[in-house]
file data_34.cif (mmCIF, C-alpha atoms)
data_upload
#
loop_
_atom_site.label_atom_id
_atom_site.label_comp_id
_atom_site.auth_asym_id
_atom_site.auth_seq_id
_atom_site.Cartn_x
_atom_site.Cartn_y
_atom_site.Cartn_z
CA MET A 1317 37.14 0.98 37.54
CA ALA A 1318 37.47 -1.29 34.50
CA GLY A 1319 34.91 -3.64 36.06
CA ILE A 1320 32.54 -0.75 36.64
CA ARG A 1321 32.96 0.40 33.04
CA ARG A 1322 32.25 -3.10 31.74
CA GLY A 1323 29.18 -3.34 33.93
CA SER A 1324 27.98 0.04 32.78
CA MET A 1325 28.54 -0.89 29.15
CA THR A 1326 26.58 -4.12 29.64
CA THR A 1327 23.73 -2.25 31.29
CA LEU A 1328 23.72 0.31 28.49
CA ALA A 1329 23.70 -2.40 25.83
CA LEU A 1330 20.78 -4.16 27.52
CA LEU A 1331 18.91 -0.86 27.77
CA VAL A 1332 19.40 -0.23 24.04
CA ILE A 1333 18.12 -3.73 23.22
CA VAL A 1334 15.05 -3.21 25.42
CA LEU A 1335 14.32 0.16 23.84
CA LEU A 1336 14.73 -1.25 20.34
CA ALA A 1337 12.46 -4.15 21.16
CA ALA A 1338 9.87 -1.77 22.56
CA GLY A 1339 10.11 0.35 19.45
CA CYS A 1340 9.63 -2.70 17.23
CA GLY A 1341 6.63 -3.73 19.26
CA GLN A 1342 5.06 -0.32 18.76
CA SER A 1343 5.69 -0.32 15.00
CA ILE A 1344 2.51 -2.32 14.35
CA PRO A 1345 -0.38 -0.54 16.05
CA GLN A 1346 -2.14 -2.29 18.89
CA GLY A 1347 -5.39 -3.78 17.72
CA TYR A 1348 -4.24 -4.71 14.23
CA GLU A 1349 -3.91 -8.47 13.90
CA VAL A 1350 -1.93 -8.70 10.67
CA HIS A 1351 -2.93 -11.35 8.12
CA GLU A 1352 -1.11 -12.19 4.92
CA GLY A 1353 -3.16 -10.96 1.98
CA ASP A 1354 -4.56 -7.92 3.78
CA ILE A 1355 -4.91 -4.90 1.50
CA VAL A 1356 -3.58 -1.79 3.23
CA PHE A 1357 -4.24 1.83 2.31
CA GLN A 1358 -2.55 5.09 3.29
CA SER A 1359 -2.14 8.77 2.42
CA LEU A 1360 1.28 9.53 0.98
CA PRO A 1361 3.07 12.86 1.63
CA HIS A 1362 1.71 15.68 -0.50
CA SER A 1363 2.95 15.98 -4.08
CA PRO A 1364 1.19 17.02 -7.30
CA MET A 1365 0.47 13.37 -8.13
CA VAL A 1366 -0.72 12.45 -4.64
CA ASP A 1367 -2.95 15.51 -4.47
CA MET A 1368 -4.41 14.60 -7.87
CA ILE A 1369 -5.16 11.00 -6.81
CA GLU A 1370 -6.81 12.04 -3.57
CA GLY A 1371 -8.63 15.01 -5.11
CA ALA A 1372 -9.83 13.24 -8.23
CA THR A 1373 -11.17 10.32 -6.18
CA GLN A 1374 -12.31 12.55 -3.29
CA SER A 1375 -10.67 10.17 -0.85
CA ARG A 1376 -7.80 10.21 1.64
CA CYS A 1377 -6.44 7.01 0.04
CA SER A 1378 -3.60 7.67 -2.37
CA HIS A 1379 -1.65 4.41 -2.09
CA CYS A 1380 -2.16 0.74 -1.29
CA GLY A 1381 -0.36 -2.59 -1.20
CA ILE A 1382 -0.64 -6.25 -0.22
CA VAL A 1383 0.58 -7.69 3.08
CA ALA A 1384 3.02 -10.57 2.69
CA LYS A 1385 5.43 -12.50 4.89
CA SER A 1386 9.11 -12.68 4.01
CA ASP A 1387 11.62 -14.60 6.16
CA GLY A 1388 9.22 -14.41 9.09
CA HIS A 1389 8.69 -10.64 8.81
CA TRP A 1390 5.65 -8.72 7.63
CA THR A 1391 6.15 -6.77 4.41
CA ILE A 1392 4.04 -4.81 1.94
CA ILE A 1393 4.26 -5.54 -1.78
CA GLU A 1394 3.74 -2.11 -3.31
CA ALA A 1395 4.20 -0.17 -6.52
CA ILE A 1396 5.91 3.01 -5.40
CA GLY A 1397 8.71 3.62 -7.82
CA PRO A 1398 9.60 0.07 -8.92
CA VAL A 1399 7.40 -2.64 -7.39
CA LYS A 1400 9.11 -3.76 -4.19
CA GLU A 1401 8.60 -5.32 -0.77
CA THR A 1402 8.76 -2.85 2.11
CA PRO A 1403 8.83 -3.83 5.80
CA LEU A 1404 5.41 -3.15 7.32
CA ALA A 1405 6.71 -0.74 9.97
CA GLN A 1406 8.58 1.23 7.31
CA TRP A 1407 5.50 1.25 5.10
CA ILE A 1408 3.37 2.66 7.91
CA ALA A 1409 6.01 5.32 8.62
CA GLN A 1410 6.10 6.50 5.00
CA GLY A 1411 2.43 7.53 5.14
CA ARG A 1412 1.09 10.97 5.93
CA ASP A 1413 -0.08 11.77 9.47
CA GLY A 1414 0.21 8.14 10.54
CA TRP A 1415 -3.14 7.15 9.04
CA PHE A 1416 -3.67 3.80 7.38
CA ALA A 1417 -6.44 1.24 7.01
CA ALA A 1418 -6.41 -2.52 6.45
CA TYR A 1419 -9.01 -4.52 4.53
CA ARG A 1420 -9.38 -8.29 4.30
CA LEU A 1421 -10.62 -10.50 1.46
CA ASN A 1422 -13.85 -12.34 2.12
CA PRO A 1423 -13.73 -16.08 2.85
CA ALA A 1424 -14.60 -17.05 -0.73
CA LEU A 1425 -11.31 -15.54 -1.93
CA SER A 1426 -9.12 -15.88 1.15
CA THR A 1427 -8.18 -19.48 0.34
CA GLN A 1428 -6.27 -18.15 -2.67
CA ILE A 1429 -4.18 -15.62 -0.74
CA PRO A 1430 -0.87 -17.53 -1.11
CA ALA A 1431 -1.35 -17.53 -4.89
CA ILE A 1432 -2.36 -13.85 -4.88
CA VAL A 1433 0.79 -12.92 -2.98
CA ALA A 1434 2.92 -15.03 -5.33
CA GLN A 1435 1.31 -13.31 -8.32
CA ALA A 1436 2.02 -9.86 -6.85
CA ARG A 1437 5.67 -10.84 -6.39
CA ARG A 1438 5.94 -11.59 -10.10
CA TYR A 1439 5.74 -7.83 -10.64
CA LEU A 1440 8.72 -7.05 -8.39
CA GLY A 1441 11.06 -4.62 -10.11
CA ARG A 1442 8.44 -3.42 -12.60
CA PRO A 1443 8.62 0.39 -13.02
CA TYR A 1444 5.89 2.70 -11.78
CA GLY A 1445 3.10 3.49 -14.25
CA ASN A 1446 2.48 7.20 -13.75
CA HIS A 1447 0.13 7.34 -16.75
CA PHE A 1448 -2.31 5.04 -14.91
CA ARG A 1449 -2.82 2.72 -17.86
CA PHE A 1450 -3.55 -0.99 -17.56
CA GLU A 1451 -0.25 -2.18 -18.97
CA ASP A 1452 2.48 -4.45 -17.70
CA GLU A 1453 5.37 -2.17 -18.74
CA GLY A 1454 4.55 0.14 -15.82
CA ILE A 1455 2.23 -0.52 -12.89
CA TYR A 1456 0.68 1.71 -10.22
CA GLY A 1457 -0.33 0.87 -6.67
CA SER A 1458 -3.99 -0.03 -6.95
CA GLU A 1459 -3.37 -1.69 -10.34
CA LEU A 1460 -0.89 -4.06 -8.68
CA VAL A 1461 -3.49 -5.11 -6.10
CA PHE A 1462 -6.25 -5.39 -8.72
CA LYS A 1463 -4.15 -7.45 -11.14
CA ALA A 1464 -2.71 -9.80 -8.52
CA ILE A 1465 -6.22 -10.69 -7.38
CA LYS A 1466 -7.80 -10.88 -10.83
CA GLU A 1467 -5.01 -12.91 -12.42
CA THR A 1468 -5.30 -15.42 -9.57
CA THR A 1469 -9.05 -15.59 -8.97
CA HIS A 1470 -10.34 -14.41 -12.39
CA GLN A 1471 -12.54 -12.01 -10.44
CA ASN A 1472 -12.57 -8.21 -10.38
CA VAL A 1473 -12.24 -6.69 -6.92
CA GLY A 1474 -13.16 -3.03 -7.21
CA LYS A 1475 -14.93 -1.22 -10.03
CA THR A 1476 -12.82 0.32 -12.78
CA GLN A 1477 -13.75 3.83 -13.92
CA PRO A 1478 -12.78 6.13 -16.79
CA LEU A 1479 -10.88 9.24 -15.79
CA GLY A 1480 -13.81 11.31 -17.08
CA ASP A 1481 -16.00 9.98 -14.25
CA LEU A 1482 -13.60 11.30 -11.60
CA ASN A 1483 -13.12 14.82 -10.26
CA TRP A 1484 -10.28 15.48 -12.72
CA GLN A 1485 -11.01 19.11 -13.63
CA PRO A 1486 -9.05 20.81 -10.80
CA TYR A 1487 -6.00 18.78 -11.85
CA ALA A 1488 -6.17 19.39 -15.59
CA ASP A 1489 -2.86 21.31 -15.64
CA TYR A 1490 -1.02 18.48 -13.91
CA ILE A 1491 -2.59 15.83 -16.15
CA CYS A 1492 -1.57 17.83 -19.22
CA SER A 1493 2.00 17.94 -17.91
CA ILE A 1494 2.27 14.14 -18.26
CA GLU A 1495 -0.19 13.50 -21.10
CA GLN A 1496 -0.48 14.95 -24.61
CA GLU A 1497 -4.21 15.31 -24.01
CA ILE A 1498 -6.50 14.46 -21.11
CA PRO A 1499 -7.44 10.76 -21.54
CA LEU A 1500 -11.04 10.97 -20.32
CA ASP A 1501 -11.85 7.46 -21.59
CA ARG A 1502 -8.89 5.77 -19.89
CA GLU A 1503 -10.12 3.03 -17.54
CA MET A 1504 -8.35 2.81 -14.21
CA ILE A 1505 -8.71 1.29 -10.78
CA THR A 1506 -8.39 3.71 -7.87
CA PRO A 1507 -7.55 3.06 -4.22
CA ARG A 1508 -10.99 4.35 -3.27
CA ALA A 1509 -12.67 1.87 -5.64
CA LEU A 1510 -10.83 -0.97 -3.92
CA THR A 1511 -11.99 0.18 -0.48
CA GLU A 1512 -15.57 0.11 -1.77
CA ALA A 1513 -15.33 -3.43 -3.17
CA PRO A 1514 -17.86 -5.79 -1.55
CA GLU A 1515 -15.18 -8.51 -1.56
CA LEU A 1516 -13.16 -6.55 1.01
CA THR A 1517 -13.98 -5.80 4.64
CA LYS A 1518 -12.24 -3.17 6.74
CA VAL A 1519 -10.58 -4.81 9.75
CA PHE A 1520 -8.49 -1.92 11.09
CA GLU A 1521 -8.03 1.83 10.80
CA ARG A 1522 -5.55 4.02 12.63
CA SER A 1523 -6.56 7.64 13.02
CA PRO A 1524 -4.03 10.42 12.35
#

call {"tool": "encode", "arguments": {"input": "data_34.cif", "output": "structure tokens"}}
result
Amino acid sequence: MAGIRRGSMTTLALLVIVLLAAGCGQSIPQGYEVHEGDIVFQSLPHSPMVDMIEGATQSRCSHCGIVAKSDGHWTIIEAIGPVKETPLAQWIAQGRDGWFAAYRLNPALSTQIPAIVAQARRYLGRPYGNHFRFEDEGIYGSELVFKAIKETTHQNVGKTQPLGDLNWQPYADYICSIEQEIPLDREMITPRALTEAPELTKVFERSP
């Protein structure tokens, strides 16, 4: 009986390992060949801020980050709370409805990807900038991507826009809850603006 129990335990342990391995294999969707330096976009779970970002930009993109490799594993450098590195599978899982898209820098900039990733890592631990200002004291998701690329290549990727050019009116009450007055002239970089940058090409999209 003891031998049978040991055999059963071994079989069970092997089954768990197989299932875990299968789960890990499924964590990165089939068809997405991950490259370091990819810029990935997703919809975060609904909140007043997320709804404002998506509504004001009229886009499903409310968050983005940069693909990196850490100790042989794929991670996303992202500004969500403090800037941090999140395992890719965990990053995908945190999105809404399973949707995300990946974009790749064009060849003229791709040679500088290691330096871009290193520059993004210099912001690790920096608090989130919920006022969406270009400042180093706090940094938001698309700002992190924009700055890491610009500070490395000296080139803008994505067009900055003042808040007044966005669809801000339906979200005036929320904006007033975090600002003394609505900063219509404040320049910002949005996730949607990054997706529209000619220096980026979409290489993958997973439907909800």

call {"tool": "closest_residue", "arguments": {"input": "data_34.cif", "among": "A:Pro1507, A:Gly1457, A:Pro1478, A:Pro1403", "to": "A:Ser1343", "atoms": "all atoms listed in the file"}}
result
A:Pro1403

call {"tool": "resolve_selection", "arguments": {"input": "data_34.cif", "expression": "the PyMOL selection byres ((chain A and resi 1344-1352) around 12)", "output": "PyMOL selection string"}}
result
chain A and resi 1338-1343+1353-1356+1381-1386+1388-1393+1403-1409+1414-1421+1426-1434+1518-1523

call {"tool": "closest_residue", "arguments": {"input": "data_34.cif", "among": "A:Glu1453, A:Phe1448, A:Leu1510, A:Ile1491", "to": "A:Ile1465", "atoms": "all atoms listed in the file"}}
result
A:Leu1510

call {"tool": "closest_residue", "arguments": {"input": "data_34.cif", "among": "A:Gly1397, A:Gly1474, A:Pro1486, A:Pro1364", "to": "A:Leu1440", "atoms": "all atoms listed in the file"}}
result
A:Gly1397

call {"tool": "resolve_selection", "arguments": {"input": "data_34.cif", "expression": "the PyMOL selection byres ((chain A and resi 1445) around 7)", "output": "list in words"}}
result
Pro1443, Tyr1444, Asn1446, His1447, Phe1448, Arg1449, Gly1454, Ile1455 and Tyr1456 of chain A

call {"tool": "resolve_selection", "arguments": {"input": "data_34.cif", "expression": "the PyMOL selection byres ((chain A and resi 1504) around 7)", "output": "ChimeraX atom specification"}}
result
/A:1448-1450,1476-1478,1502-1503,1505-1506

call {"tool": "write_last_selection", "arguments": {"input": "data_34.cif", "atoms": "C-alpha atoms", "output": "CSV table (one decimal), in the coordinates of the input"}}
result
chain,number,residue,atom,x,y,z
A,1448,PHE,CA,-2.3,5.0,-14.9
A,1449,ARG,CA,-2.8,2.7,-17.9
A,1450,PHE,CA,-3.6,-1.0,-17.6
A,1476,THR,CA,-12.8,0.3,-12.8
A,1477,GLN,CA,-13.8,3.8,-13.9
A,1478,PRO,CA,-12.8,6.1,-16.8
A,1502,ARG,CA,-8.9,5.8,-19.9
A,1503,GLU,CA,-10.1,3.0,-17.5
A,1505,ILE,CA,-8.7,1.3,-10.8
A,1506,THR,CA,-8.4,3.7,-7.9

call {"tool": "residues_near_point", "arguments": {"input": "data_34.cif", "point": "(-15.5, -8.4, -7.9)", "cutoff": "8 Å", "atoms": "all atoms listed in the file", "output": "tab-separated table (two decimals) with C-alpha atoms, in the coordinates of the input"}}
result
chain	number	residue	atom	x	y	z
A	1471	GLN	CA	-12.54	-12.01	-10.44
A	1472	ASN	CA	-12.57	-8.21	-10.38
A	1473	VAL	CA	-12.24	-6.69	-6.92
A	1474	GLY	CA	-13.16	-3.03	-7.21
A	1475	LYS	CA	-14.93	-1.22	-10.03
A	1513	ALA	CA	-15.33	-3.43	-3.17
A	1514	PRO	CA	-17.86	-5.79	-1.55
A	1515	GLU	CA	-15.18	-8.51	-1.56

call {"tool": "closest_residue", "arguments": {"input": "data_34.cif", "among": "A:Ala1395, A:Leu1360, A:Leu1425, A:Ile1498", "to": "A:Ser1378", "atoms": "only C-alpha atoms"}}
result
A:Leu1360

call {"tool": "atom_distance", "arguments": {"input": "data_34.cif", "atom1": "atom CA of A:Asn1483", "atom2": "atom CA of A:Phe1357"}}
result
20.1 Å

call {"tool": "atom_distance", "arguments": {"input": "data_34.cif", "atom1": "atom CA of A:Arg1412", "atom2": "atom CA of A:Val1399"}}
result
20.1 Å

call {"tool": "closest_residue", "arguments": {"input": "data_34.cif", "among": "A:Gly1480, A:Pro1524, A:Gly1371, A:Gly1441", "to": "A:Ile1396", "atoms": "all atoms listed in the file"}}
result
A:Gly1441

call {"tool": "atom_distance", "arguments": {"input": "data_34.cif", "atom1": "atom CA of A:Asp1481", "atom2": "atom CA of A:Asp1413"}}
result
28.6 Å

call {"tool": "closest_residue", "arguments": {"input": "data_34.cif", "among": "A:Ala1509, A:Gln1374, A:Pro1423, A:Glu1401", "to": "A:Asp1387", "atoms": "only C-alpha atoms"}}
result
A:Glu1401

call {"tool": "axis_aligned_box", "arguments": {"input": "data_34.cif", "around": "stretch 1384-1400 of chain A", "padding_each_side": "4 Å", "output": "lines of an AutoDock Vina configuration file"}}
result
center_x = 7.3
center_y = -5.5
center_z = 0.1
size_x = 16.6
size_y = 26.2
size_z = 26.0
